[in-house]
$ cat model_22.cif   # mmCIF, C-alpha atoms
data_structure
#
loop_
_atom_site.label_atom_id
_atom_site.label_comp_id
_atom_site.auth_asym_id
_atom_site.auth_seq_id
_atom_site.Cartn_x
_atom_site.Cartn_y
_atom_site.Cartn_z
CA MET A 1 0.00 0.00 0.00
CA GLU A 2 1.31 3.43 -0.98
CA VAL A 3 0.48 6.56 1.06
CA ARG A 4 1.32 10.09 -0.05
CA LYS A 5 0.09 13.65 -0.48
CA LEU A 6 -1.88 14.25 -3.63
CA THR A 7 -1.06 16.49 -6.55
CA GLU A 8 -3.34 19.18 -7.96
CA ASN A 9 -4.82 16.86 -10.60
CA GLU A 10 -5.63 14.10 -8.08
CA HIS A 11 -7.90 16.06 -5.74
CA PHE A 12 -11.00 15.43 -7.85
CA GLU A 13 -10.61 11.65 -7.62
CA ALA A 14 -10.16 11.98 -3.85
CA ASN A 15 -13.28 14.16 -3.65
CA MET A 16 -15.20 11.42 -5.45
CA ILE A 17 -14.31 9.04 -2.60
CA SER A 18 -15.75 11.51 -0.10
CA TYR A 19 -18.88 11.98 -2.23
CA VAL A 20 -19.47 8.22 -2.15
CA ALA A 21 -18.68 7.81 1.55
CA PHE A 22 -20.76 10.79 2.72
CA HIS A 23 -23.76 10.12 0.43
CA MET A 24 -23.34 13.47 -1.34
CA ARG A 25 -24.67 14.52 -4.76
CA MET A 26 -22.52 16.20 -7.41
CA GLU A 27 -24.65 18.55 -9.49
CA ASP A 28 -21.92 19.89 -11.79
CA PRO A 29 -18.93 17.52 -12.24
CA GLU A 30 -16.95 19.93 -14.42
CA LYS A 31 -17.25 22.76 -11.91
CA ALA A 32 -16.35 20.33 -9.10
CA ARG A 33 -13.29 19.22 -11.05
CA GLU A 34 -12.19 22.80 -11.62
CA ASP A 35 -12.76 23.74 -7.97
CA SER A 36 -10.74 20.72 -6.83
CA ARG A 37 -7.66 22.10 -8.57
CA LYS A 38 -7.82 25.16 -6.29
CA LEU A 39 -7.50 23.08 -3.11
CA THR A 40 -4.52 24.18 -1.02
CA THR A 41 -5.17 21.90 1.96
CA ASP A 42 -2.90 18.89 2.48
CA ASP A 43 -4.74 16.00 0.83
CA TRP A 44 -3.52 12.50 1.71
CA ALA A 45 -4.51 9.24 0.06
CA ALA A 46 -3.75 5.52 0.17
CA PHE A 47 -3.36 3.45 -3.01
CA ASP A 48 -3.58 -0.30 -3.51
CA GLY A 49 -0.99 -2.39 -5.34
CA ASP A 50 -2.51 -1.52 -8.69
CA GLY A 51 -2.38 2.22 -8.01
CA LYS A 52 -6.12 2.58 -7.31
CA MET A 53 -6.98 5.29 -4.79
CA MET A 54 -8.60 3.64 -1.76
CA ALA A 55 -9.07 6.32 0.88
CA ARG A 56 -8.28 9.95 1.63
CA ILE A 57 -7.86 12.36 4.57
CA LEU A 58 -7.62 16.16 4.47
CA ASN A 59 -5.49 18.04 7.00
CA TYR A 60 -6.46 21.72 7.21
CA SER A 61 -3.97 24.20 8.68
CA PHE A 62 -5.03 27.21 10.76
CA LYS A 63 -4.29 29.13 13.95
CA SER A 64 -6.07 28.24 17.18
CA ARG A 65 -5.96 29.58 20.70
CA LEU A 66 -3.97 27.91 23.49
CA ASP A 67 -3.71 29.73 26.83
CA GLY A 68 -3.44 33.23 25.41
CA GLN A 69 -1.43 32.40 22.28
CA TRP A 70 -2.34 31.73 18.66
CA VAL A 71 -0.63 28.50 17.63
CA LEU A 72 -0.47 26.42 14.46
CA SER A 73 -2.99 23.60 14.56
CA GLY A 74 -4.53 21.11 12.19
CA GLY A 75 -8.06 19.99 11.44
CA ILE A 76 -8.73 16.49 10.14
CA GLY A 77 -11.57 16.23 7.64
CA GLY A 78 -12.79 14.27 4.64
CA VAL A 79 -11.88 10.93 6.27
CA SER A 80 -13.36 8.49 3.77
CA THR A 81 -12.80 5.08 2.21
CA LEU A 82 -14.42 3.47 -0.82
CA PRO A 83 -16.76 0.63 0.29
CA GLU A 84 -14.68 -2.04 -1.47
CA TYR A 85 -11.63 -1.05 0.62
CA ARG A 86 -13.27 -0.80 4.06
CA ASN A 87 -11.40 -2.64 6.86
CA SER A 88 -8.25 -2.68 4.73
CA GLY A 89 -6.22 -0.50 7.10
CA ALA A 90 -6.07 2.35 4.57
CA ILE A 91 -7.08 5.08 7.04
CA ARG A 92 -4.60 3.84 9.62
CA ALA A 93 -1.87 3.82 6.98
CA ILE A 94 -2.63 7.45 6.10
CA PHE A 95 -2.57 8.54 9.76
CA GLU A 96 0.81 6.81 10.16
CA LYS A 97 2.24 9.27 7.63
CA LEU A 98 0.03 12.31 8.25
CA ILE A 99 0.52 12.68 12.01
CA PRO A 100 4.37 12.67 11.96
CA ASP A 101 4.24 15.09 9.03
CA ALA A 102 2.05 17.44 11.10
CA TYR A 103 4.68 17.34 13.87
CA ARG A 104 7.49 18.17 11.42
CA ASN A 105 5.41 21.03 9.97
CA GLY A 106 5.03 22.71 13.36
CA GLU A 107 1.50 21.83 14.40
CA ILE A 108 0.97 22.04 18.17
CA PHE A 109 -2.28 20.11 18.30
CA SER A 110 -4.79 18.53 15.92
CA THR A 111 -8.58 18.44 16.13
CA LEU A 112 -11.47 16.70 14.37
CA TYR A 113 -15.20 16.06 14.39
CA PRO A 114 -15.57 12.30 15.00
CA PHE A 115 -18.17 9.82 13.83
CA SER A 116 -16.84 7.57 16.63
CA HIS A 117 -14.79 8.44 19.71
CA ALA A 118 -13.38 4.93 19.95
CA PHE A 119 -12.16 4.95 16.35
CA TYR A 120 -10.13 8.15 16.71
CA ARG A 121 -8.76 7.33 20.15
CA LYS A 122 -6.68 4.72 18.31
CA PHE A 123 -4.85 7.63 16.68
CA GLY A 124 -4.28 9.64 19.87
CA TYR A 125 -7.39 11.84 19.95
CA GLU A 126 -9.65 12.45 22.96
CA THR A 127 -13.01 14.14 23.51
CA ALA A 128 -13.46 17.84 24.09
CA CYS A 129 -16.97 18.80 25.21
CA TRP A 130 -17.01 22.22 23.62
CA LYS A 131 -20.48 23.66 23.87
CA ASN A 132 -24.04 23.17 25.07
CA ASP A 133 -27.10 23.48 22.84
CA TYR A 134 -30.29 24.96 24.27
CA GLU A 135 -33.86 24.97 22.96
CA PHE A 136 -36.66 27.15 24.29
CA GLY A 137 -39.52 29.38 23.25
CA PRO A 138 -38.77 33.11 22.78
CA SER A 139 -41.08 33.91 25.71
CA VAL A 140 -38.39 32.49 28.03
CA LEU A 141 -36.48 35.72 27.32
CA SER A 142 -39.41 38.06 27.85
CA GLY A 143 -37.69 39.66 30.83
CA TYR A 144 -34.68 40.72 28.75
CA HIS A 145 -34.69 43.92 26.73
CA PHE A 146 -32.31 45.35 24.17
CA ASP A 147 -32.56 49.13 23.80
CA GLY A 148 -29.65 49.67 21.43
CA THR A 149 -29.59 49.49 17.65
CA ALA A 150 -29.56 46.37 15.45
CA GLU A 151 -28.07 46.59 11.97
CA LEU A 152 -28.84 43.89 9.38
CA TRP A 153 -25.85 42.82 7.29
CA LYS A 154 -26.45 42.70 3.53
CA PRO A 155 -24.26 41.26 0.74
CA GLY A 156 -21.61 43.83 -0.11
CA ASP A 157 -21.51 45.35 3.38
CA PRO A 158 -18.14 45.40 5.21
CA VAL A 159 -17.32 42.31 7.26
CA CYS A 160 -14.41 43.72 9.28
CA GLY A 161 -16.59 44.67 12.25
CA TYR A 162 -17.76 41.08 12.58
CA THR A 163 -14.23 39.73 12.23
CA GLU A 164 -12.78 42.09 14.82
CA LEU A 165 -15.51 41.39 17.36
CA TYR A 166 -15.21 37.63 16.89
CA ASN A 167 -11.43 37.62 17.30
CA ARG A 168 -11.66 39.69 20.51
CA PHE A 169 -14.24 37.23 21.79
CA ALA A 170 -12.22 34.17 20.68
CA GLU A 171 -9.13 35.31 22.58
CA ASN A 172 -10.87 34.25 25.79
CA PHE A 173 -11.21 30.60 24.76
CA ASN A 174 -8.92 27.67 24.04
CA LEU A 175 -9.32 25.83 20.71
CA SER A 176 -11.05 28.84 19.10
CA MET A 177 -9.98 29.45 15.53
CA HIS A 178 -8.54 32.75 14.29
CA ARG A 179 -10.55 34.37 11.47
CA ASP A 180 -9.78 36.87 8.76
CA ASP A 181 -12.33 38.84 6.73
CA GLN A 182 -12.35 36.33 3.87
CA MET A 183 -13.05 33.44 6.22
CA MET A 184 -15.82 35.39 7.92
CA LEU A 185 -17.40 36.12 4.55
CA ASP A 186 -17.02 32.67 3.02
CA LYS A 187 -18.05 30.58 6.01
CA HIS A 188 -20.38 32.74 8.09
CA LEU A 189 -21.81 35.75 6.26
CA LYS A 190 -22.12 34.20 2.82
CA GLY A 191 -25.62 34.18 1.35
CA GLU A 192 -28.59 36.40 0.61
CA TYR A 193 -30.93 36.75 3.57
CA TYR A 194 -34.08 37.18 1.50
CA LYS A 195 -33.38 33.95 -0.42
CA ASP A 196 -31.42 31.81 2.05
CA ARG A 197 -33.30 33.00 5.14
CA LYS A 198 -29.99 33.53 6.92
CA PHE A 199 -29.70 36.76 8.90
CA ALA A 200 -26.78 38.57 10.51
CA TYR A 201 -27.21 41.48 12.92
CA MET A 202 -24.65 43.73 14.56
CA LEU A 203 -25.91 44.99 17.93
CA ARG A 204 -24.74 48.37 19.21
CA GLU A 205 -25.07 50.16 22.52
CA GLY A 206 -24.34 53.90 22.38
CA GLY A 207 -22.99 53.40 18.87
CA LYS A 208 -20.44 50.81 20.02
CA PRO A 209 -20.65 47.23 18.69
CA VAL A 210 -21.25 44.92 21.65
CA ALA A 211 -22.43 41.70 19.97
CA TYR A 212 -23.35 40.09 16.68
CA LEU A 213 -25.72 37.27 15.85
CA ILE A 214 -26.02 35.08 12.75
CA PHE A 215 -29.03 32.80 12.60
CA GLN A 216 -30.87 30.55 10.18
CA ASP A 217 -34.62 30.77 9.75
CA ILE A 218 -36.02 27.21 9.56
CA ARG A 219 -39.57 26.72 8.35
CA HIS A 220 -41.31 24.19 10.52
CA ASP A 221 -44.87 23.25 11.42
CA PRO A 222 -46.53 24.48 13.53
CA ALA A 223 -44.00 27.28 14.13
CA ALA A 224 -40.67 28.35 12.65
CA ILE A 225 -37.30 27.82 14.34
CA LEU A 226 -34.61 30.47 14.89
CA SER A 227 -31.32 28.54 14.88
CA VAL A 228 -28.26 30.52 16.01
CA GLU A 229 -25.24 29.54 13.90
CA ASP A 230 -22.59 32.03 15.01
CA MET A 231 -22.25 34.85 17.53
CA ALA A 232 -19.81 36.81 19.63
CA TRP A 233 -20.14 39.41 22.35
CA ASP A 234 -18.20 41.80 24.56
CA GLY A 235 -18.71 40.99 28.24
CA ARG A 236 -21.97 41.09 30.14
CA THR A 237 -23.36 44.01 28.14
CA GLY A 238 -22.97 42.06 24.91
CA LEU A 239 -24.53 38.84 26.18
CA LEU A 240 -27.50 40.70 27.65
CA ALA A 241 -27.93 42.51 24.34
CA LEU A 242 -28.10 39.16 22.55
CA LEU A 243 -30.68 37.75 24.95
CA GLY A 244 -32.74 40.93 24.75
CA PHE A 245 -32.65 40.92 20.96
CA LEU A 246 -33.67 37.25 20.76
CA GLY A 247 -36.55 38.03 23.11
CA ARG A 248 -38.07 40.23 20.39
CA PHE A 249 -39.03 37.25 18.23
CA THR A 250 -42.04 35.92 20.14
CA ALA A 251 -44.33 36.59 17.17
CA ASP A 252 -41.98 35.03 14.58
CA TYR A 253 -40.73 31.77 16.03
CA GLY A 254 -41.92 28.93 18.18
CA THR A 255 -38.41 27.77 19.11
CA ILE A 256 -34.98 29.32 19.54
CA ARG A 257 -31.91 27.10 19.22
CA LEU A 258 -28.98 28.72 20.99
CA PHE A 259 -25.51 27.42 21.78
CA LEU A 260 -23.13 28.67 24.46
CA PRO A 261 -19.55 27.70 25.32
CA ALA A 262 -19.49 24.78 27.75
CA SER A 263 -17.89 27.05 30.36
CA LEU A 264 -20.99 29.27 30.43
CA GLU A 265 -24.09 27.38 31.61
CA LEU A 266 -27.26 29.19 30.58
CA PHE A 267 -29.09 27.85 33.65
CA SER A 268 -26.51 29.50 35.90
CA VAL A 269 -27.04 33.01 34.52
CA ILE A 270 -30.56 33.21 33.16
CA ARG A 271 -33.25 35.01 35.14
CA SER A 272 -36.57 33.78 33.84
CA PRO A 273 -39.68 32.29 35.42
CA LYS A 274 -39.73 29.87 32.47
CA ALA A 275 -36.19 28.54 32.90
CA TYR A 276 -37.57 25.03 33.43
CA ASP A 277 -38.85 25.13 29.85
CA ILE A 278 -35.29 25.17 28.50
CA SER A 279 -33.81 21.91 27.22
CA GLN A 280 -30.05 21.34 27.14
CA THR A 281 -27.84 19.01 25.10
CA VAL A 282 -24.11 18.60 25.76
CA ARG A 283 -22.03 18.55 22.57
CA GLN A 284 -19.17 16.05 22.63
CA ASP A 285 -18.56 15.79 18.89
CA TYR A 286 -15.07 17.30 18.93
CA MET A 287 -11.71 15.70 19.71
CA ILE A 288 -8.17 16.96 20.27
CA ARG A 289 -4.74 15.39 19.91
CA ALA A 290 -1.41 16.72 21.15
CA VAL A 291 0.97 16.86 18.20
CA ASN A 292 3.93 18.41 20.02
CA VAL A 293 3.90 17.52 23.74
CA GLN A 294 6.97 19.55 24.65
CA LYS A 295 5.66 22.72 22.99
CA MET A 296 2.30 22.34 24.72
CA LEU A 297 4.04 21.93 28.08
CA GLU A 298 6.00 25.13 27.42
CA MET A 299 2.93 27.11 26.35
CA ILE A 300 0.22 26.17 28.83
CA GLN A 301 -0.29 28.66 31.65
CA LYS A 302 1.28 27.73 34.97
CA PRO A 303 1.75 29.47 38.33
CA ASP A 304 5.12 31.24 38.41
CA ASP A 305 6.52 28.98 41.12
CA SER A 306 5.24 25.70 39.70
CA ARG A 307 7.62 22.84 39.02
CA PHE A 308 6.63 19.28 38.20
CA VAL A 309 7.71 16.20 36.27
CA ILE A 310 5.37 14.60 33.75
CA ARG A 311 5.64 11.45 31.69
CA VAL A 312 3.64 10.98 28.47
CA GLU A 313 3.20 7.49 27.03
CA GLY A 314 1.55 5.61 24.21
CA ASP A 315 2.06 7.81 21.16
CA ALA A 316 2.48 5.21 18.43
CA TYR A 317 2.95 7.84 15.70
CA ILE A 318 5.28 10.54 17.10
CA ALA A 319 8.17 9.04 19.05
CA GLU A 320 9.25 12.48 20.30
CA ASN A 321 6.05 12.71 22.35
CA ASN A 322 6.93 9.71 24.48
CA GLY A 323 9.15 10.77 27.34
CA THR A 324 9.55 12.51 30.68
CA TRP A 325 9.88 16.28 31.11
CA GLU A 326 10.64 18.54 34.03
CA VAL A 327 8.43 21.60 33.65
CA CYS A 328 9.06 25.01 35.19
CA GLY A 329 7.73 28.33 33.93
CA THR A 330 7.94 28.34 30.15
CA GLY A 331 10.49 25.54 30.07
CA ALA A 332 10.04 21.79 29.58
CA VAL A 333 13.29 19.83 29.70
CA PRO A 334 13.70 16.06 29.18
CA THR A 335 14.68 14.37 32.44
CA ASP A 336 15.35 11.00 34.04
CA LYS A 337 13.59 12.02 37.25
CA ALA A 338 10.63 10.04 38.53
CA PRO A 339 7.36 11.55 37.24
CA ASP A 340 4.79 13.25 39.43
CA LEU A 341 2.20 12.62 36.72
CA THR A 342 1.99 9.85 34.11
CA VAL A 343 -0.55 10.16 31.30
CA SER A 344 -1.40 8.70 27.91
CA ILE A 345 -1.14 10.84 24.79
CA GLN A 346 -4.94 10.94 24.67
CA ALA A 347 -5.29 12.19 28.25
CA PHE A 348 -2.48 14.70 27.86
CA GLY A 349 -4.09 16.54 24.95
CA GLN A 350 -7.41 16.72 26.78
CA MET A 351 -5.81 17.97 30.00
CA ALA A 352 -3.38 20.45 28.42
CA ALA A 353 -6.15 22.13 26.44
CA GLY A 354 -8.25 22.49 29.61
CA CYS A 355 -11.09 20.20 28.57
CA VAL A 356 -10.91 18.54 32.00
CA SER A 357 -9.32 19.30 35.36
CA LEU A 358 -6.82 17.03 37.07
CA ASP A 359 -9.49 15.97 39.57
CA GLU A 360 -11.67 14.82 36.68
CA ALA A 361 -8.80 13.25 34.72
CA MET A 362 -7.80 11.10 37.68
CA TYR A 363 -10.90 8.98 37.07
CA ARG A 364 -9.27 7.84 33.83
CA PRO A 365 -7.24 4.60 33.98
CA ASP A 366 -4.45 6.23 31.95
CA VAL A 367 -3.73 9.05 34.43
CA THR A 368 -1.58 8.43 37.52
CA VAL A 369 -0.48 10.99 40.10
CA THR A 370 2.39 9.95 42.35
CA GLY A 371 3.34 13.31 43.90
CA ASN A 372 3.24 17.09 43.77
CA GLY A 373 -0.55 17.02 43.58
CA ASP A 374 -1.08 20.57 44.85
CA VAL A 375 0.96 22.04 41.99
CA LEU A 376 -0.56 19.76 39.37
CA LYS A 377 -4.07 20.79 40.40
CA LYS A 378 -3.16 24.42 39.75
CA VAL A 379 -1.76 23.63 36.31
CA PHE A 380 -4.32 21.21 34.93
CA ILE A 381 -7.59 23.05 35.38
CA ARG A 382 -10.74 23.41 33.32
CA LYS A 383 -10.48 26.30 30.86
CA PRO A 384 -13.02 28.05 28.62
CA ILE A 385 -13.36 26.20 25.31
CA LEU A 386 -15.01 27.53 22.15
CA VAL A 387 -15.35 26.05 18.67
CA GLU A 388 -17.52 27.89 16.13
CA ASP A 389 -15.79 26.88 12.91
CA HIS A 390 -15.96 23.71 10.83
CA PHE A 391 -13.38 22.31 8.46
#
$ encode --input "model_22.cif" --output "structure tokens"
Amino acid sequence: MEVRKLTENEHFEANMISYVAFHMRMEDPEKAREDSRKLTTDDWAAFDGDGKMMARILNYSFKSRLDGQWVLSGGIGGVSTLPEYRNSGAIRAIFEKLIPDAYRNGEIFSTLYPFSHAFYRKFGYETACWKNDYEFGPSVLSGYHFDGTAELWKPGDPVCGYTELYNRFAENFNLSMHRDDQMMLDKHLKGEYYKDRKFAYMLREGGKPVAYLIFQDIRHDPAAILSVEDMAWDGRTGLLALLGFLGRFTADYGTIRLFLPASLELFSVIRSPKAYDISQTVRQDYMIRAVNVQKMLEMIQKPDDSRFVIRVEGDAYIAENNGTWEVCGTGAVPTDKAPDLTVSIQAFGQMAAGCVSLDEAMYRPDVTVTGNGDVLKKVFIRKPILVEDHF
């Protein structure tokens, strides 16, 4: 079996594998072929002995947040295999080449949206519960009022205000993705509201932008649904503006679908006599993998006087991630000292990103604390997580 990155003229064949695997329709093959030549993402594929393409994986490159810094990260997508090659080991063979390549190219961590947690744990990934979804009637927000101005975005309007507000908001969360104006336009503001029923509003208080909201209007019997797809806000004023604005839609919608970062529980902050009418769903369809353990150890926030020894085990794809480090300040130095903490590569990525605290992680069978617990509990804490972008 051969595994390699694809050339410009091979992307279309790889896309055909994804179309088959994901039950997608191709309306215009020639346009799809032309668009495939513009792909700049790393596109990996496995070939059988006769040179037939069996499976493919895309590895997107972008900047994500880790404890106050924007770092290079990867996003795994398009994981697909032709039915006749299922259970052949083609995906595993691609990961065996892709993951070390990501390390050499400077990625700090990798993320993906899994169809199965168990499947991707085999490659070093672990769950990151990143947001909660809420459903409720607009009347739940009847006690909230927005007295500022709301400006509807229309095609051709500037996008920079949305981009700037999102990036300020995203700086407060690990795993959030950095956006530029083109990304904001292509992935979030694209479309015509009167045709696509997708609306974007900038909310201002005293002329200052405090929040934005992008939502999809979903026709549904007996009442329509307002589904929030993207939003950002500045502090308490911005969040209250969003809730007050959503409370205006009692005559338009029967249901509001709203998501919030997992670190902000709606039930903990909402003041409504109808709070019991809100339903909540925890989203666990995101996973993270440490690609460079030493860099993550250097970058994660730690108390100034913290010093500990950690051992990471079980990375079958990046040998450099298996070892023991003494960590102090922004330094992480290989050592022969006995570890205070021993973790698997899966647990390490989850803990370093702040998806779980040490107290929670200790329920895992692949996490062992043998000393220095007081310091470790200050280092490995839960941190705000936010993911609003797909790849």
$ resolve_selection --input "model_22.cif" --expression "the PyMOL selection byres ((chain A and resi 222) around 12)" --output "VMD selection string"
chain A and resid 218 to 221 223 to 225 252 to 255
$ axis_aligned_box --input "model_22.cif" --around "segment 102-119 of chain A" --padding-each-side "6 Å" --output "JSON"
{"center_x": -5.3, "center_y": 13.8, "center_z": 15.0, "size_x": 37.7, "size_y": 29.8, "size_z": 22.0}
$ residues_around --input "model_22.cif" --residues "segment 16-23 of chain A" --least-positions-apart "6" --cutoff "12 Å" --atoms "only C-alpha atoms" --output "NGL selection string"
:A and (10 or 29 or 32-33 or 36 or 43 or 45-46 or 52-58 or 77-86 or 115)
$ write_last_selection --input "model_22.cif" --atoms "C-alpha atoms" --output "PDB file, keeping the file's coordinate frame"
ATOM      1  CA  GLU A  10      -5.630  14.100  -8.080  1.00  0.00           C
ATOM      2  CA  PRO A  29     -18.930  17.520 -12.240  1.00  0.00           C
ATOM      3  CA  ALA A  32     -16.350  20.330  -9.100  1.00  0.00           C
ATOM      4  CA  ARG A  33     -13.290  19.220 -11.050  1.00  0.00           C
ATOM      5  CA  SER A  36     -10.740  20.720  -6.830  1.00  0.00           C
ATOM      6  CA  ASP A  43      -4.740  16.000   0.830  1.00  0.00           C
ATOM      7  CA  ALA A  45      -4.510   9.240   0.060  1.00  0.00           C
ATOM      8  CA  ALA A  46      -3.750   5.520   0.170  1.00  0.00           C
ATOM      9  CA  LYS A  52      -6.120   2.580  -7.310  1.00  0.00           C
ATOM     10  CA  MET A  53      -6.980   5.290  -4.790  1.00  0.00           C
ATOM     11  CA  MET A  54      -8.600   3.640  -1.760  1.00  0.00           C
ATOM     12  CA  ALA A  55      -9.070   6.320   0.880  1.00  0.00           C
ATOM     13  CA  ARG A  56      -8.280   9.950   1.630  1.00  0.00           C
ATOM     14  CA  ILE A  57      -7.860  12.360   4.570  1.00  0.00           C
ATOM     15  CA  LEU A  58      -7.620  16.160   4.470  1.00  0.00           C
ATOM     16  CA  GLY A  77     -11.570  16.230   7.640  1.00  0.00           C
ATOM     17  CA  GLY A  78     -12.790  14.270   4.640  1.00  0.00           C
ATOM     18  CA  VAL A  79     -11.880  10.930   6.270  1.00  0.00           C
ATOM     19  CA  SER A  80     -13.360   8.490   3.770  1.00  0.00           C
ATOM     20  CA  THR A  81     -12.800   5.080   2.210  1.00  0.00           C
ATOM     21  CA  LEU A  82     -14.420   3.470  -0.820  1.00  0.00           C
ATOM     22  CA  PRO A  83     -16.760   0.630   0.290  1.00  0.00           C
ATOM     23  CA  GLU A  84     -14.680  -2.040  -1.470  1.00  0.00           C
ATOM     24  CA  TYR A  85     -11.630  -1.050   0.620  1.00  0.00           C
ATOM     25  CA  ARG A  86     -13.270  -0.800   4.060  1.00  0.00           C
ATOM     26  CA  PHE A 115     -18.170   9.820  13.830  1.00  0.00           C
TER      27      PHE A 115
END
$ closest_atom_pairs --input "model_22.cif" --of "segment 207-263 of chain A" --to "segment 337-356 of chain A" --cutoff "12 Å" --atoms "only C-alpha atoms" --output "JSON lines"
{"residue": "A:Pro261", "atom": "CA", "partner": "A:Cys355", "partner_atom": "CA", "distance": 11.8}
{"residue": "A:Ala262", "atom": "CA", "partner": "A:Cys355", "partner_atom": "CA", "distance": 9.6}
{"residue": "A:Ser263", "atom": "CA", "partner": "A:Cys355", "partner_atom": "CA", "distance": 9.8}
$ residues_around --input "model_22.cif" --residues "segment 160-168 of chain A" --least-positions-apart "6" --cutoff "12 Å" --atoms "only C-alpha atoms" --output "ChimeraX atom specification"
/A:63-65,68,70,151-153,176-189,200-204,208-214,230-235,238,386-389
$ write_last_selection --input "model_22.cif" --atoms "C-alpha atoms" --output "PDB file, in the frame of the given file"
ATOM      1  CA  LYS A  63      -4.290  29.130  13.950  1.00  0.00           C
ATOM      2  CA  SER A  64      -6.070  28.240  17.180  1.00  0.00           C
ATOM      3  CA  ARG A  65      -5.960  29.580  20.700  1.00  0.00           C
ATOM      4  CA  GLY A  68      -3.440  33.230  25.410  1.00  0.00           C
ATOM      5  CA  TRP A  70      -2.340  31.730  18.660  1.00  0.00           C
ATOM      6  CA  GLU A 151     -28.070  46.590  11.970  1.00  0.00           C
ATOM      7  CA  LEU A 152     -28.840  43.890   9.380  1.00  0.00           C
ATOM      8  CA  TRP A 153     -25.850  42.820   7.290  1.00  0.00           C
ATOM      9  CA  SER A 176     -11.050  28.840  19.100  1.00  0.00           C
ATOM     10  CA  MET A 177      -9.980  29.450  15.530  1.00  0.00           C
ATOM     11  CA  HIS A 178      -8.540  32.750  14.290  1.00  0.00           C
ATOM     12  CA  ARG A 179     -10.550  34.370  11.470  1.00  0.00           C
ATOM     13  CA  ASP A 180      -9.780  36.870   8.760  1.00  0.00           C
ATOM     14  CA  ASP A 181     -12.330  38.840   6.730  1.00  0.00           C
ATOM     15  CA  GLN A 182     -12.350  36.330   3.870  1.00  0.00           C
ATOM     16  CA  MET A 183     -13.050  33.440   6.220  1.00  0.00           C
ATOM     17  CA  MET A 184     -15.820  35.390   7.920  1.00  0.00           C
ATOM     18  CA  LEU A 185     -17.400  36.120   4.550  1.00  0.00           C
ATOM     19  CA  ASP A 186     -17.020  32.670   3.020  1.00  0.00           C
ATOM     20  CA  LYS A 187     -18.050  30.580   6.010  1.00  0.00           C
ATOM     21  CA  HIS A 188     -20.380  32.740   8.090  1.00  0.00           C
ATOM     22  CA  LEU A 189     -21.810  35.750   6.260  1.00  0.00           C
ATOM     23  CA  ALA A 200     -26.780  38.570  10.510  1.00  0.00           C
ATOM     24  CA  TYR A 201     -27.210  41.480  12.920  1.00  0.00           C
ATOM     25  CA  MET A 202     -24.650  43.730  14.560  1.00  0.00           C
ATOM     26  CA  LEU A 203     -25.910  44.990  17.930  1.00  0.00           C
ATOM     27  CA  ARG A 204     -24.740  48.370  19.210  1.00  0.00           C
ATOM     28  CA  LYS A 208     -20.440  50.810  20.020  1.00  0.00           C
ATOM     29  CA  PRO A 209     -20.650  47.230  18.690  1.00  0.00           C
ATOM     30  CA  VAL A 210     -21.250  44.920  21.650  1.00  0.00           C
ATOM     31  CA  ALA A 211     -22.430  41.700  19.970  1.00  0.00           C
ATOM     32  CA  TYR A 212     -23.350  40.090  16.680  1.00  0.00           C
ATOM     33  CA  LEU A 213     -25.720  37.270  15.850  1.00  0.00           C
ATOM     34  CA  ILE A 214     -26.020  35.080  12.750  1.00  0.00           C
ATOM     35  CA  ASP A 230     -22.590  32.030  15.010  1.00  0.00           C
ATOM     36  CA  MET A 231     -22.250  34.850  17.530  1.00  0.00           C
ATOM     37  CA  ALA A 232     -19.810  36.810  19.630  1.00  0.00           C
ATOM     38  CA  TRP A 233     -20.140  39.410  22.350  1.00  0.00           C
ATOM     39  CA  ASP A 234     -18.200  41.800  24.560  1.00  0.00           C
ATOM     40  CA  GLY A 235     -18.710  40.990  28.240  1.00  0.00           C
ATOM     41  CA  GLY A 238     -22.970  42.060  24.910  1.00  0.00           C
ATOM     42  CA  LEU A 386     -15.010  27.530  22.150  1.00  0.00           C
ATOM     43  CA  VAL A 387     -15.350  26.050  18.670  1.00  0.00           C
ATOM     44  CA  GLU A 388     -17.520  27.890  16.130  1.00  0.00           C
ATOM     45  CA  ASP A 389     -15.790  26.880  12.910  1.00  0.00           C
TER      46      ASP A 389
END
$ atom_distance --input "model_22.cif" --atom1 "atom CA of Ala251 of chain A" --atom2 "atom CA of Asp217 of chain A"
13.5 Å
$ atom_distance --input "model_22.cif" --atom1 "atom CA of Phe119 of chain A" --atom2 "atom CA of Lys97 of chain A"
17.4 Å
$ resolve_selection --input "model_22.cif" --expression "the PyMOL selection byres ((chain A and resi 104-107) around 12)" --output "ChimeraX atom specification"
/A:42,59-64,70-75,97-103,108-111,289-296,318-320
$ atom_distance --input "model_22.cif" --atom1 "atom CA of Ile288 of chain A" --atom2 "atom CA of Lys302 of chain A"
20.5 Å
$ resolve_selection --input "model_22.cif" --expression "the PyMOL selection byres ((chain A and resi 359) around 12)" --output "number ranges by chain"
A: 351, 354-358, 360-364, 367-369, 373-374, 376-382
$ closest_residue --input "model_22.cif" --among "A:Gly314, A:Pro155, A:Gly244, A:Pro334" --to "Ser139 of chain A" --atoms "all atoms listed in the file"
A:Gly244
$ closest_residue --input "model_22.cif" --among "A:Phe12, A:Phe47, A:Asn132, A:Val312" --to "Phe267 of chain A" --atoms "only C-alpha atoms"
A:Asn132
$ residues_around --input "model_22.cif" --residues "Leu246 of chain A" --least-positions-apart "4" --cutoff "8 Å" --atoms "all atoms listed in the file" --output "list of chain:residue names"
A:Pro138, A:Leu141, A:Leu242
